[in-house]
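K.L.:
Mind having a look at this structure? Questions to follow.
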Amino acid sequence: MRHDHIVTAKQLSRADIEAVLDRAAEIDADPAGWTDHRPDALLGLCFFEPSTRTRMSFETAIKRLGGDAVDMGATDESAVAKGESLADTVRVIGGYVDALVLRHPREGAAKLAAEHVDVPLVNGGDGAGHHPTQTLLDLYTLRESTGLDGIDVGIVGDLKYGRTVHSLARALTNFDARQHFVSPESLQLPASVRYDLHERGAAVREHTDLSSVLGELDALYVTRIQRERFPDETEYREVAGQYRIDESTLAAARDDVVVMHPLPRVDEIAPEVDETDNARYFQQAHNGVPVRMALLDLLLEGSA
Amino acid sequence: MRHDHIVTAKQLSRADIEAVLDRAAEIDADPAGWTDHRPDALLGLCFFEPSTRTRMSFETAIKRLGGDAVDMGATDESAVAKGESLADTVRVIGGYVDALVLRHPREGAAKLAAEHVDVPLVNGGDGAGHHPTQTLLDLYTLRESTGLDGIDVGIVGDLKYGRTVHSLARALTNFDARQHFVSPESLQLPASVRYDLHERGAAVREHTDLSSVLGELDALYVTRIQRERFPDETEYREVAGQYRIDESTLAAARDDVVVMHPLPRVDEIAPEVDETDNARYFQQAHNGVPVRMALLDLLLEGSA
Amino acid sequence: MRHDHIVTAKQLSRADIEAVLDRAAEIDADPAGWTDHRPDALLGLCFFEPSTRTRMSFETAIKRLGGDAVDMGATDESAVAKGESLADTVRVIGGYVDALVLRHPREGAAKLAAEHVDVPLVNGGDGAGHHPTQTLLDLYTLRESTGLDGIDVGIVGDLKYGRTVHSLARALTNFDARQHFVSPESLQLPASVRYDLHERGAAVREHTDLSSVLGELDALYVTRIQRERFPDETEYREVAGQYRIDESTLAAARDDVVVMHPLPRVDEIAPEVDETDNARYFQQAHNGVPVRMALLDLLLEGSA
């Protein structure tokens, strides 16, 4: 893999993705073999907005490789509050560390920052933009569970605003996967994503009713529908209830359907699903560690 | 010691307690011998309310064992703020790490959380509930100073609301210790604790006047009386002043009386006491490190 | 170097300074040779006010030496909020670690704290007081670029309130450096600093017009002029614009003039300067790491 920076999943070819997932699988097969693999690596964590899960997962990843992390902390306490530019901030922190993770509320921030650092930078999410490591761990989980070719994936919930969904949908076009998008009409895929999928010749179908496609699916990727997207509580409850996954959903689905969710969840998946063999969302969160270990390791290898 | 989780000091037998204290003493005798003992251990710190002292002490402990920690950070910035349940949060973080410390404002949170994780969980304090590692370091300090059998311990201050005191009092019933509770009437031991002590056949006496028992004590365990417990400032000052430990208190006590305090202190112990041989509270805080090292080491050993 | 605590740059002799800079140069020449030099060292970070840059630089330094850090975190969440004294806080944390960095909003805090700890303490900035490691990294950068003897240094901007400037100016009196102070009249050096420099026989000149001295300078040390020092925006803009460094400034200066800045900058240096060979400010920030590694290493050596 020859990338200096990982800004978006779009930049990754099928071969790039497979290189990361293969390395992650190697790590998963023998975690103890990697605990002293990058003893001198120092990872800088620049989170311009909070994201506990992503931050902890990256921090765990570098520490499981034997390395360490330094965290910028909250931006309201930093040089940023004194008016420093993003370029200056990452240039200074990039001078301390061997690789950087950037999380930023503004779309395009990762691309801009990457131009100002000499060490590999990984986008940990930039606003409505990209979050490539989430996509990589989703793909890793799918590959482990169902393979990535010859599958039917249902993507359910808020498809309009969900950065995670847009990125996953585009990445799946590298594989022989049929994508079924299930959402209320008001939260359907934006035209730009639909256009991209079409351009890449992806097999795409859209639904408003989950039951019409449920029986065909190898995997169900569920996302949170946010209360604030709806003008009133009643409408929200009605819509959210319609896409909620529970035991009756599983009963109508294939026995081996795999249920995924980027977490945190609120009510989208009933707790009764947690203990079934179909549930993969906690495993999926856990997979963030080997996948990020793999990506960091490949980037550090490339920059060494 | 065969426990998966340490939720309360109550679950620990005399043998369990001694196993931890013995291991802590081994560590204290040769700290350099333990610095590479758990090089691959990663401890998750889930503090749902701030507690700098406890967090730093656990973080120091795992790092002194050669391991590392990942910290969830403030909850107002995390998935918790998005409505995630405690069970989901600890399940995800439990998937990253080898052991977890949980601090939570709600009593019973540690017990609930422990049901949802596959790695050992240590209660770092749950509201008015339990704080077992504070008790273990208190016992360690006492054992080092006076032994745990055949002693008279005075426990002074706010005995009504002090979680630390309740836990220590119950734990001392495993040993041949006479307990003297000294407090204003409005801050006496709650009935539930008094009942527990009685059930266990503990030798217990209650006092409002410290001087009436001071001369008999091997150890004085002092706690903070909080301003907010009193309707007015005058009453608070009067009561707090009555139980303040200073040079004149020491003059009336046994020469070798040991003065302890869980810290932070405000005015309960005069600074002039700090430099005496009687003062043990800074040593006591310091003992949190070997005691937590010992506990984590035993739990990691058990789960390996 | 025989100091237990580093409270102010004033306490450091020329020999002390050179010992730190020489050690930093050794580290810079072979960073890989130092990554396992202090594997057991634990550094306590006590920041009573936020300072991301200084904190990250110290944390990077100890981790690049193979050691680790524990961070007190925000004071509004700590024992401090319960009314604990500074002396108690540092005494407890000093009991956990091998060395301490203290940052505090109150001048004199570092000196006070140093009296209560048994491990080396480094002042990471105390209000309007001192910030000795900033001075050491400034000197290191100057020494690398121009040497420290026989040079003309221009110090530009807010000379009245700038702690960094006062400390650097005093430290430079240990060397054969001519100092040129360039500022608006309202922001000239305070009498106390001018007196100190005079006492030490320093070669000092003051200017309001940068162009009058620009051509003589080997180095330009630029500092931020803060908006809040001026009664109105217009006056601020006029003054700030007058001392702004851009390509035209460089054109009028010596070809090899070195431009430094403690960062963060806002508008004091135009971005066009960043890519010139004259710019040293990012290198200067980066130099904080080897300089702090050197200082910590020498202190740990001394206390071992």
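Going through the structure tokens in order, the chains are called A, B, and so on, while each chain numbers its residues from 1 and the ligands are numbered from 1 in the order shown.
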Among region 13-107 of chain A, which residues does DSSP mark as helix (DSSP H, G or I) when it is run on the backbone? Keep the chain and numbering as in the structure and answer as a PyMOL selection string.
P.N.:
chain A and resi 14-29+31-34+52-64+75-77+79-82+86-94
K.L.:
Kindly provide the residues of chain A that approach chain B to within 9 Å, each paired with its closest atom pair and their distance in Å to one decimal, based on only C-alpha atoms, listed by chain and increasing number, as CSV.
P.N.:
```
residue,atom,partner,partner_atom,distance
A:Ala32,CA,B:Asp40,CA,8.2
A:Thr35,CA,B:Asp40,CA,6.5
A:Asp36,CA,B:Asp40,CA,8.7
A:Glu49,CA,B:Glu77,CA,8.6
A:Pro50,CA,B:Glu77,CA,5.5
A:Ser51,CA,B:Ser78,CA,6.2
A:Thr52,CA,B:Ser78,CA,5.1
A:Arg53,CA,B:Ala79,CA,7.3
A:Arg55,CA,B:Met72,CA,8.7
A:Met56,CA,B:Val70,CA,6.4
A:Ser57,CA,B:Tyr96,CA,7.2
A:Glu59,CA,B:Val70,CA,6.8
A:Thr60,CA,B:Tyr96,CA,6.6
A:Ala61,CA,B:Tyr96,CA,8.7
A:Lys63,CA,B:Asp68,CA,7.5
A:Arg64,CA,B:Asp40,CA,7.4
A:Gly66,CA,B:Asp40,CA,7.9
A:Asp68,CA,B:Asp68,CA,8.8
A:Leu263,CA,B:Ala79,CA,8.4
A:Pro264,CA,B:Glu84,CA,5.8
A:Arg265,CA,B:Glu84,CA,6.2
A:Val266,CA,B:Glu84,CA,5.8
A:Phe282,CA,B:Val92,CA,6.1
A:Gln283,CA,B:Gly95,CA,7.9
A:Ala285,CA,B:Val92,CA,6.4
A:His286,CA,B:Gly95,CA,5.4
A:Asn287,CA,B:Gly95,CA,9.0
A:Gly288,CA,B:Tyr96,CA,9.0
A:Val289,CA,B:Tyr96,CA,7.1
```
K.L.:
So that I have them on file, write out the residues from the current selection with C-alpha atoms, as a short mmCIF file (atom, residue, chain, number, x, y, z; two decimals), in the first residue's frame.
P.N.:
```
data_model
loop_
_atom_site.label_atom_id
_atom_site.label_comp_id
_atom_site.auth_asym_id
_atom_site.auth_seq_id
_atom_site.Cartn_x
_atom_site.Cartn_y
_atom_site.Cartn_z
CA ALA A 32 0.40 -11.63 21.10
CA THR A 35 2.60 -6.50 21.03
CA ASP A 36 6.16 -5.37 20.49
CA GLU A 49 -14.49 17.40 18.17
CA PRO A 50 -15.10 14.67 20.70
CA SER A 51 -15.30 11.06 19.56
CA THR A 52 -14.57 8.78 22.43
CA ARG A 53 -15.03 5.55 20.54
CA ARG A 55 -10.14 7.94 19.84
CA MET A 56 -10.03 4.97 22.23
CA SER A 57 -9.93 2.52 19.35
CA GLU A 59 -5.22 4.62 21.09
CA THR A 60 -5.79 0.94 21.83
CA ALA A 61 -4.49 0.04 18.36
CA LYS A 63 -0.68 0.55 22.24
CA ARG A 64 -1.45 -3.03 21.15
CA GLY A 66 3.68 -1.68 21.51
CA ASP A 68 2.17 5.00 22.46
CA LEU A 263 -22.74 2.17 17.44
CA PRO A 264 -23.69 3.89 19.61
CA ARG A 265 -27.23 2.59 19.23
CA VAL A 266 -30.21 3.95 21.07
CA PHE A 282 -20.00 -5.57 19.44
CA GLN A 283 -17.60 -7.73 17.45
CA ALA A 285 -16.62 -2.35 17.37
CA HIS A 286 -13.93 -4.69 18.63
CA ASN A 287 -12.69 -5.20 15.05
CA GLY A 288 -11.78 -1.50 14.98
CA VAL A 289 -8.67 -2.41 16.94
#
```
K.L.:
Determine, counting only C-alpha atoms, which protein, DNA and RNA residues have an atom within 10 Å of an atom of region 117-122 of chain C; residues of the same chain fewer than 3 positions away are not included. Present the result as a PDB file with N, CA and C atoms, in the first residue's frame.
P.N.:
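Once everything was written out, this is out.pdb:
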```pdb
ATOM      1  N   HIS C   3      20.614  20.240  40.099  1.00  0.00           N
ATOM      2  CA  HIS C   3      19.424  20.940  40.564  1.00  0.00           C
ATOM      3  C   HIS C   3      18.353  19.897  40.824  1.00  0.00           C
ATOM      4  N   ASP C   4      17.619  20.054  41.901  1.00  0.00           N
ATOM      5  CA  ASP C   4      16.517  19.141  42.146  1.00  0.00           C
ATOM      6  C   ASP C   4      15.314  19.567  41.334  1.00  0.00           C
ATOM      7  N   HIS C   5      15.114  20.877  41.264  1.00  0.00           N
ATOM      8  CA  HIS C   5      13.917  21.416  40.634  1.00  0.00           C
ATOM      9  C   HIS C   5      14.324  22.509  39.646  1.00  0.00           C
ATOM     10  N   ILE C   6      13.576  22.631  38.558  1.00  0.00           N
ATOM     11  CA  ILE C   6      13.833  23.702  37.597  1.00  0.00           C
ATOM     12  C   ILE C   6      12.656  24.663  37.670  1.00  0.00           C
ATOM     13  N   VAL C   7      12.848  25.738  38.434  1.00  0.00           N
ATOM     14  CA  VAL C   7      11.762  26.676  38.686  1.00  0.00           C
ATOM     15  C   VAL C   7      11.844  27.864  37.739  1.00  0.00           C
ATOM     16  N   THR C   8      13.050  28.323  37.464  1.00  0.00           N
ATOM     17  CA  THR C   8      13.251  29.490  36.609  1.00  0.00           C
ATOM     18  C   THR C   8      14.558  29.348  35.839  1.00  0.00           C
ATOM     19  N   LEU C  43       6.319  10.298  34.479  1.00  0.00           N
ATOM     20  CA  LEU C  43       6.271  11.756  34.648  1.00  0.00           C
ATOM     21  C   LEU C  43       4.848  12.179  34.993  1.00  0.00           C
ATOM     22  N   GLY C  44       4.691  12.958  36.046  1.00  0.00           N
ATOM     23  CA  GLY C  44       3.375  13.490  36.406  1.00  0.00           C
ATOM     24  C   GLY C  44       3.144  14.842  35.764  1.00  0.00           C
ATOM     25  N   LEU C  45       1.995  15.007  35.135  1.00  0.00           N
ATOM     26  CA  LEU C  45       1.658  16.268  34.483  1.00  0.00           C
ATOM     27  C   LEU C  45       0.554  16.959  35.285  1.00  0.00           C
ATOM     28  N   ALA C  87      -0.113  22.443  47.837  1.00  0.00           N
ATOM     29  CA  ALA C  87       0.911  21.635  48.500  1.00  0.00           C
ATOM     30  C   ALA C  87       0.459  20.177  48.631  1.00  0.00           C
ATOM     31  N   ASP C  88      -0.778  19.961  49.063  1.00  0.00           N
ATOM     32  CA  ASP C  88      -1.290  18.591  49.201  1.00  0.00           C
ATOM     33  C   ASP C  88      -1.370  17.889  47.849  1.00  0.00           C
ATOM     34  N   THR C  89      -1.885  18.597  46.853  1.00  0.00           N
ATOM     35  CA  THR C  89      -2.038  17.977  45.536  1.00  0.00           C
ATOM     36  C   THR C  89      -0.702  17.491  44.992  1.00  0.00           C
ATOM     37  N   VAL C  90       0.307  18.357  45.009  1.00  0.00           N
ATOM     38  CA  VAL C  90       1.591  17.929  44.438  1.00  0.00           C
ATOM     39  C   VAL C  90       2.277  16.889  45.318  1.00  0.00           C
ATOM     40  N   ARG C  91       2.014  16.925  46.631  1.00  0.00           N
ATOM     41  CA  ARG C  91       2.614  15.916  47.491  1.00  0.00           C
ATOM     42  C   ARG C  91       2.053  14.530  47.163  1.00  0.00           C
ATOM     43  N   VAL C  92       0.743  14.462  46.943  1.00  0.00           N
ATOM     44  CA  VAL C  92       0.139  13.171  46.605  1.00  0.00           C
ATOM     45  C   VAL C  92       0.625  12.692  45.235  1.00  0.00           C
ATOM     46  N   ILE C  93       0.544  13.566  44.237  1.00  0.00           N
ATOM     47  CA  ILE C  93       0.929  13.145  42.887  1.00  0.00           C
ATOM     48  C   ILE C  93       2.438  12.869  42.840  1.00  0.00           C
ATOM     49  N   GLY C  94       3.204  13.675  43.568  1.00  0.00           N
ATOM     50  CA  GLY C  94       4.643  13.422  43.675  1.00  0.00           C
ATOM     51  C   GLY C  94       4.963  12.051  44.254  1.00  0.00           C
ATOM     52  N   GLY C  95       4.019  11.497  45.012  1.00  0.00           N
ATOM     53  CA  GLY C  95       4.202  10.152  45.568  1.00  0.00           C
ATOM     54  C   GLY C  95       3.960   9.044  44.554  1.00  0.00           C
ATOM     55  N   TYR C  96       3.368   9.394  43.407  1.00  0.00           N
ATOM     56  CA  TYR C  96       3.099   8.398  42.370  1.00  0.00           C
ATOM     57  C   TYR C  96       4.222   8.303  41.340  1.00  0.00           C
ATOM     58  N   VAL C  97       4.928   9.412  41.113  1.00  0.00           N
ATOM     59  CA  VAL C  97       5.756   9.539  39.910  1.00  0.00           C
ATOM     60  C   VAL C  97       7.231   9.777  40.222  1.00  0.00           C
ATOM     61  N   ASP C  98       8.051   9.816  39.169  1.00  0.00           N
ATOM     62  CA  ASP C  98       9.490  10.023  39.321  1.00  0.00           C
ATOM     63  C   ASP C  98       9.911  11.467  39.076  1.00  0.00           C
ATOM     64  N   ALA C  99       9.038  12.237  38.432  1.00  0.00           N
ATOM     65  CA  ALA C  99       9.282  13.659  38.209  1.00  0.00           C
ATOM     66  C   ALA C  99       7.947  14.308  37.895  1.00  0.00           C
ATOM     67  N   LEU C 100       7.892  15.630  38.093  1.00  0.00           N
ATOM     68  CA  LEU C 100       6.632  16.360  37.934  1.00  0.00           C
ATOM     69  C   LEU C 100       6.823  17.576  37.038  1.00  0.00           C
ATOM     70  N   VAL C 101       5.836  17.858  36.203  1.00  0.00           N
ATOM     71  CA  VAL C 101       5.774  19.157  35.529  1.00  0.00           C
ATOM     72  C   VAL C 101       4.571  19.896  36.083  1.00  0.00           C
ATOM     73  N   LEU C 102       4.785  21.139  36.484  1.00  0.00           N
ATOM     74  CA  LEU C 102       3.680  21.939  37.019  1.00  0.00           C
ATOM     75  C   LEU C 102       3.438  23.151  36.143  1.00  0.00           C
ATOM     76  N   ARG C 103       2.190  23.346  35.764  1.00  0.00           N
ATOM     77  CA  ARG C 103       1.764  24.579  35.107  1.00  0.00           C
ATOM     78  C   ARG C 103       0.704  25.195  35.989  1.00  0.00           C
ATOM     79  N   ALA C 110       5.281  27.419  41.279  1.00  0.00           N
ATOM     80  CA  ALA C 110       6.277  26.357  41.090  1.00  0.00           C
ATOM     81  C   ALA C 110       7.248  26.316  42.263  1.00  0.00           C
ATOM     82  N   LYS C 111       7.648  27.492  42.722  1.00  0.00           N
ATOM     83  CA  LYS C 111       8.579  27.567  43.847  1.00  0.00           C
ATOM     84  C   LYS C 111       7.948  26.957  45.098  1.00  0.00           C
ATOM     85  N   LEU C 112       6.716  27.327  45.354  1.00  0.00           N
ATOM     86  CA  LEU C 112       5.994  26.776  46.496  1.00  0.00           C
ATOM     87  C   LEU C 112       5.850  25.254  46.381  1.00  0.00           C
ATOM     88  N   ALA C 113       5.409  24.804  45.222  1.00  0.00           N
ATOM     89  CA  ALA C 113       5.177  23.370  45.034  1.00  0.00           C
ATOM     90  C   ALA C 113       6.468  22.575  45.218  1.00  0.00           C
ATOM     91  N   ALA C 114       7.573  23.135  44.715  1.00  0.00           N
ATOM     92  CA  ALA C 114       8.851  22.434  44.773  1.00  0.00           C
ATOM     93  C   ALA C 114       9.259  22.113  46.212  1.00  0.00           C
ATOM     94  N   GLY C 125       5.575  26.775  33.446  1.00  0.00           N
ATOM     95  CA  GLY C 125       4.933  28.073  33.299  1.00  0.00           C
ATOM     96  C   GLY C 125       4.085  28.404  34.514  1.00  0.00           C
ATOM     97  N   HIS C 131       9.058  30.241  32.763  1.00  0.00           N
ATOM     98  CA  HIS C 131       8.758  29.131  31.862  1.00  0.00           C
ATOM     99  C   HIS C 131      10.110  28.652  31.304  1.00  0.00           C
ATOM    100  N   PRO C 132      10.927  28.078  32.177  1.00  0.00           N
ATOM    101  CA  PRO C 132      12.337  27.852  31.815  1.00  0.00           C
ATOM    102  C   PRO C 132      12.551  26.927  30.622  1.00  0.00           C
ATOM    103  N   THR C 133      11.676  25.951  30.397  1.00  0.00           N
ATOM    104  CA  THR C 133      11.938  25.051  29.264  1.00  0.00           C
ATOM    105  C   THR C 133      11.678  25.740  27.926  1.00  0.00           C
ATOM    106  N   ARG C 292      13.446  18.961  26.156  1.00  0.00           N
ATOM    107  CA  ARG C 292      12.782  18.463  27.366  1.00  0.00           C
ATOM    108  C   ARG C 292      13.234  17.033  27.687  1.00  0.00           C
ATOM    109  N   LEU C 295      16.506  17.626  29.506  1.00  0.00           N
ATOM    110  CA  LEU C 295      16.326  18.144  30.859  1.00  0.00           C
ATOM    111  C   LEU C 295      15.802  17.051  31.793  1.00  0.00           C
ATOM    112  N   LEU C 296      14.775  16.333  31.346  1.00  0.00           N
ATOM    113  CA  LEU C 296      14.213  15.261  32.187  1.00  0.00           C
ATOM    114  C   LEU C 296      15.264  14.192  32.458  1.00  0.00           C
ATOM    115  N   LEU C 299      17.681  15.442  35.068  1.00  0.00           N
ATOM    116  CA  LEU C 299      17.063  15.489  36.398  1.00  0.00           C
ATOM    117  C   LEU C 299      16.884  14.084  36.971  1.00  0.00           C
ATOM    118  N   LEU C 300      16.458  13.144  36.136  1.00  0.00           N
ATOM    119  CA  LEU C 300      16.257  11.768  36.604  1.00  0.00           C
ATOM    120  C   LEU C 300      17.601  11.129  36.972  1.00  0.00           C
ATOM    121  N   GLY C 302      20.162  12.811  38.072  1.00  0.00           N
ATOM    122  CA  GLY C 302      20.579  13.444  39.324  1.00  0.00           C
ATOM    123  C   GLY C 302      19.859  12.883  40.536  1.00  0.00           C
ATOM    124  N   SER C 303      18.605  12.490  40.325  1.00  0.00           N
ATOM    125  CA  SER C 303      17.814  12.040  41.479  1.00  0.00           C
ATOM    126  C   SER C 303      17.886  10.535  41.675  1.00  0.00           C
ATOM    127  N   ALA C 304      18.561   9.860  40.754  1.00  0.00           N
ATOM    128  CA  ALA C 304      18.586   8.385  40.807  1.00  0.00           C
ATOM    129  C   ALA C 304      19.407   7.893  41.992  1.00  0.00           C
TER     130      ALA C 304
END
```
K.L.:
List the spatial neighbours of Arg224 (chain B) as a ChimeraX atom specification - criterion: any atom at most 12 Å away, only C-alpha atoms, same-chain residues fewer than 6 positions off excluded.
P.N.:
/B:155-165,183,187,236,239-241,243-245,260-269 /C:82-84
K.L.:
If you keep C-alpha atoms, can you produce a file of those selected residues as a PDB file, in the first residue's frame?
P.N.:
```pdb
ATOM      1  CA  ILE B 155     -13.026   6.581  62.934  1.00  0.00           C
ATOM      2  CA  VAL B 156     -13.812  10.279  63.070  1.00  0.00           C
ATOM      3  CA  GLY B 157     -15.944  12.775  61.170  1.00  0.00           C
ATOM      4  CA  ASP B 158     -18.854  12.249  58.827  1.00  0.00           C
ATOM      5  CA  LEU B 159     -19.881   8.659  59.457  1.00  0.00           C
ATOM      6  CA  LYS B 160     -23.330   9.040  57.955  1.00  0.00           C
ATOM      7  CA  TYR B 161     -22.519   9.818  54.329  1.00  0.00           C
ATOM      8  CA  GLY B 162     -18.930   8.582  54.106  1.00  0.00           C
ATOM      9  CA  ARG B 163     -18.810   5.624  51.703  1.00  0.00           C
ATOM     10  CA  THR B 164     -15.163   5.145  52.618  1.00  0.00           C
ATOM     11  CA  VAL B 165     -15.984   4.738  56.268  1.00  0.00           C
ATOM     12  CA  SER B 183     -18.984  11.961  65.200  1.00  0.00           C
ATOM     13  CA  LEU B 187     -23.584  12.407  61.343  1.00  0.00           C
ATOM     14  CA  TYR B 236     -20.666  23.702  60.562  1.00  0.00           C
ATOM     15  CA  VAL B 239     -18.765  20.860  64.639  1.00  0.00           C
ATOM     16  CA  ALA B 240     -15.799  20.775  62.258  1.00  0.00           C
ATOM     17  CA  GLY B 241     -13.608  22.534  64.820  1.00  0.00           C
ATOM     18  CA  TYR B 243     -13.034  17.075  65.427  1.00  0.00           C
ATOM     19  CA  ARG B 244     -10.055  18.881  63.977  1.00  0.00           C
ATOM     20  CA  ILE B 245      -6.743  17.092  64.558  1.00  0.00           C
ATOM     21  CA  MET B 260      -4.945   8.513  58.450  1.00  0.00           C
ATOM     22  CA  HIS B 261      -7.224  10.360  56.017  1.00  0.00           C
ATOM     23  CA  PRO B 262      -8.530   9.319  52.577  1.00  0.00           C
ATOM     24  CA  LEU B 263      -7.748  12.815  51.180  1.00  0.00           C
ATOM     25  CA  PRO B 264      -8.404  15.390  49.910  1.00  0.00           C
ATOM     26  CA  ARG B 265      -8.489  17.154  53.264  1.00  0.00           C
ATOM     27  CA  VAL B 266      -9.564  20.693  53.792  1.00  0.00           C
ATOM     28  CA  ASP B 267      -9.295  21.707  57.456  1.00  0.00           C
ATOM     29  CA  GLU B 268      -9.718  18.416  59.299  1.00  0.00           C
ATOM     30  CA  ILE B 269      -6.022  18.005  59.997  1.00  0.00           C
TER      31      ILE B 269
ATOM     32  CA  LYS C  82     -12.954  20.223  46.674  1.00  0.00           C
ATOM     33  CA  GLY C  83     -10.630  22.779  48.223  1.00  0.00           C
ATOM     34  CA  GLU C  84      -7.365  20.860  48.407  1.00  0.00           C
TER      35      GLU C  84
END
```
K.L.:
DSSP on the backbone, then: every residue of region 20-184 of chain A marked strand (DSSP E), written as a PyMOL selection string.
P.N.:
chain A and resi 42-47+68-71+99-104+121-126+151-156+177-182
K.L.:
If you measure from CA of Phe181 (chain A) to CA of Ala25 (chain A), what distance in Å do you get, rounded to one decimal?
P.N.:
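Interatomic distance, CA of Phe181 (chain A) to CA of Ala25 (chain A): 28.6 Å.
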K.L.:
Would you list the contacts of region 254-256 of chain A as a PyMOL selection string, taking every protein, DNA or RNA residue within 9 Å and counting only C-alpha atoms, but skipping same-chain residues closer than 4 positions in sequence?
P.N.:
chain A and resi 214-219+250+277-278
K.L.:
Residues at most 10 Å from Leu197 (chain A), counting only C-alpha atoms, excluding those fewer than 6 positions away in the same chain, as a PyMOL selection string?
P.N.:
chain A and resi 166+169-173+179+191+203-204
K.L.:
Would you export the selected residues with N, CA and C atoms as a PDB file, in the first residue's frame, please?
P.N.:
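File produced: out33.pdb:
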```
ATOM      1  N   HIS A 166     -22.615   6.369   3.489  1.00  0.00           N
ATOM      2  CA  HIS A 166     -22.140   6.822   2.176  1.00  0.00           C
ATOM      3  C   HIS A 166     -20.778   6.205   1.856  1.00  0.00           C
ATOM      4  N   ALA A 169     -21.138   2.370   1.271  1.00  0.00           N
ATOM      5  CA  ALA A 169     -21.790   2.084  -0.008  1.00  0.00           C
ATOM      6  C   ALA A 169     -20.788   2.230  -1.154  1.00  0.00           C
ATOM      7  N   ARG A 170     -20.017   3.307  -1.127  1.00  0.00           N
ATOM      8  CA  ARG A 170     -19.022   3.507  -2.186  1.00  0.00           C
ATOM      9  C   ARG A 170     -17.966   2.405  -2.146  1.00  0.00           C
ATOM     10  N   ALA A 171     -17.522   2.058  -0.950  1.00  0.00           N
ATOM     11  CA  ALA A 171     -16.460   1.051  -0.839  1.00  0.00           C
ATOM     12  C   ALA A 171     -16.936  -0.314  -1.332  1.00  0.00           C
ATOM     13  N   LEU A 172     -18.202  -0.621  -1.109  1.00  0.00           N
ATOM     14  CA  LEU A 172     -18.732  -1.929  -1.524  1.00  0.00           C
ATOM     15  C   LEU A 172     -18.759  -2.088  -3.040  1.00  0.00           C
ATOM     16  N   THR A 173     -18.687  -0.957  -3.761  1.00  0.00           N
ATOM     17  CA  THR A 173     -18.674  -1.075  -5.236  1.00  0.00           C
ATOM     18  C   THR A 173     -17.389  -1.739  -5.730  1.00  0.00           C
ATOM     19  N   GLN A 179     -26.488  -3.996  -3.122  1.00  0.00           N
ATOM     20  CA  GLN A 179     -26.841  -3.128  -1.999  1.00  0.00           C
ATOM     21  C   GLN A 179     -28.325  -2.782  -2.035  1.00  0.00           C
ATOM     22  N   ALA A 191     -28.537  12.413  -3.832  1.00  0.00           N
ATOM     23  CA  ALA A 191     -28.285  12.217  -5.258  1.00  0.00           C
ATOM     24  C   ALA A 191     -26.805  11.975  -5.549  1.00  0.00           C
ATOM     25  N   ALA A 203     -24.804  -2.595  -8.231  1.00  0.00           N
ATOM     26  CA  ALA A 203     -26.160  -3.131  -8.210  1.00  0.00           C
ATOM     27  C   ALA A 203     -26.871  -2.572  -6.989  1.00  0.00           C
ATOM     28  N   VAL A 204     -27.800  -1.638  -7.201  1.00  0.00           N
ATOM     29  CA  VAL A 204     -28.420  -0.907  -6.107  1.00  0.00           C
ATOM     30  C   VAL A 204     -29.942  -0.991  -6.210  1.00  0.00           C
TER      31      VAL A 204
END
```
K.L.:
Which residues, written as a PyMOL selection string, have at least one atom at most 12 Å from Asn174 (chain B), with only C-alpha atoms counted and residues fewer than 4 positions away on the same chain left out?
P.N.:
chain B and resi 9-18+139+148-150+167-170+178+197+200-203
K.L.:
Okay, now the selection with C-alpha atoms, as an mmCIF file, in the first residue's frame?
P.N.:
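To be explicit, this is the file written out as part_25.cif:
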```cif
data_model
loop_
_atom_site.group_PDB
_atom_site.id
_atom_site.type_symbol
_atom_site.label_atom_id
_atom_site.label_comp_id
_atom_site.auth_asym_id
_atom_site.auth_seq_id
_atom_site.Cartn_x
_atom_site.Cartn_y
_atom_site.Cartn_z
ATOM 1 C CA ALA B 9 -15.063 -4.957 49.646
ATOM 2 C CA LYS B 10 -17.842 -7.099 51.126
ATOM 3 C CA GLN B 11 -17.176 -9.872 48.624
ATOM 4 C CA LEU B 12 -13.597 -10.229 49.890
ATOM 5 C CA SER B 13 -12.809 -12.748 52.608
ATOM 6 C CA ARG B 14 -9.963 -12.289 55.059
ATOM 7 C CA ALA B 15 -7.920 -14.613 52.861
ATOM 8 C CA ASP B 16 -8.713 -12.537 49.762
ATOM 9 C CA ILE B 17 -7.735 -9.323 51.508
ATOM 10 C CA GLU B 18 -4.511 -10.849 52.757
ATOM 11 C CA LEU B 139 -6.160 -1.805 55.339
ATOM 12 C CA LEU B 148 -4.814 -5.462 61.742
ATOM 13 C CA ASP B 149 -5.435 -7.566 64.834
ATOM 14 C CA GLY B 150 -5.645 -6.523 68.454
ATOM 15 C CA SER B 167 -16.642 0.061 53.591
ATOM 16 C CA LEU B 168 -13.651 0.176 55.948
ATOM 17 C CA ALA B 169 -15.820 -0.557 58.974
ATOM 18 C CA ARG B 170 -17.275 -3.660 57.348
ATOM 19 C CA ARG B 178 -12.130 -2.671 68.022
ATOM 20 C CA LEU B 197 -21.305 -4.679 62.059
ATOM 21 C CA ARG B 200 -20.660 -9.854 62.138
ATOM 22 C CA GLY B 201 -20.072 -9.629 65.885
ATOM 23 C CA ALA B 202 -17.823 -6.598 65.601
ATOM 24 C CA ALA B 203 -16.628 -4.796 68.709
#
```
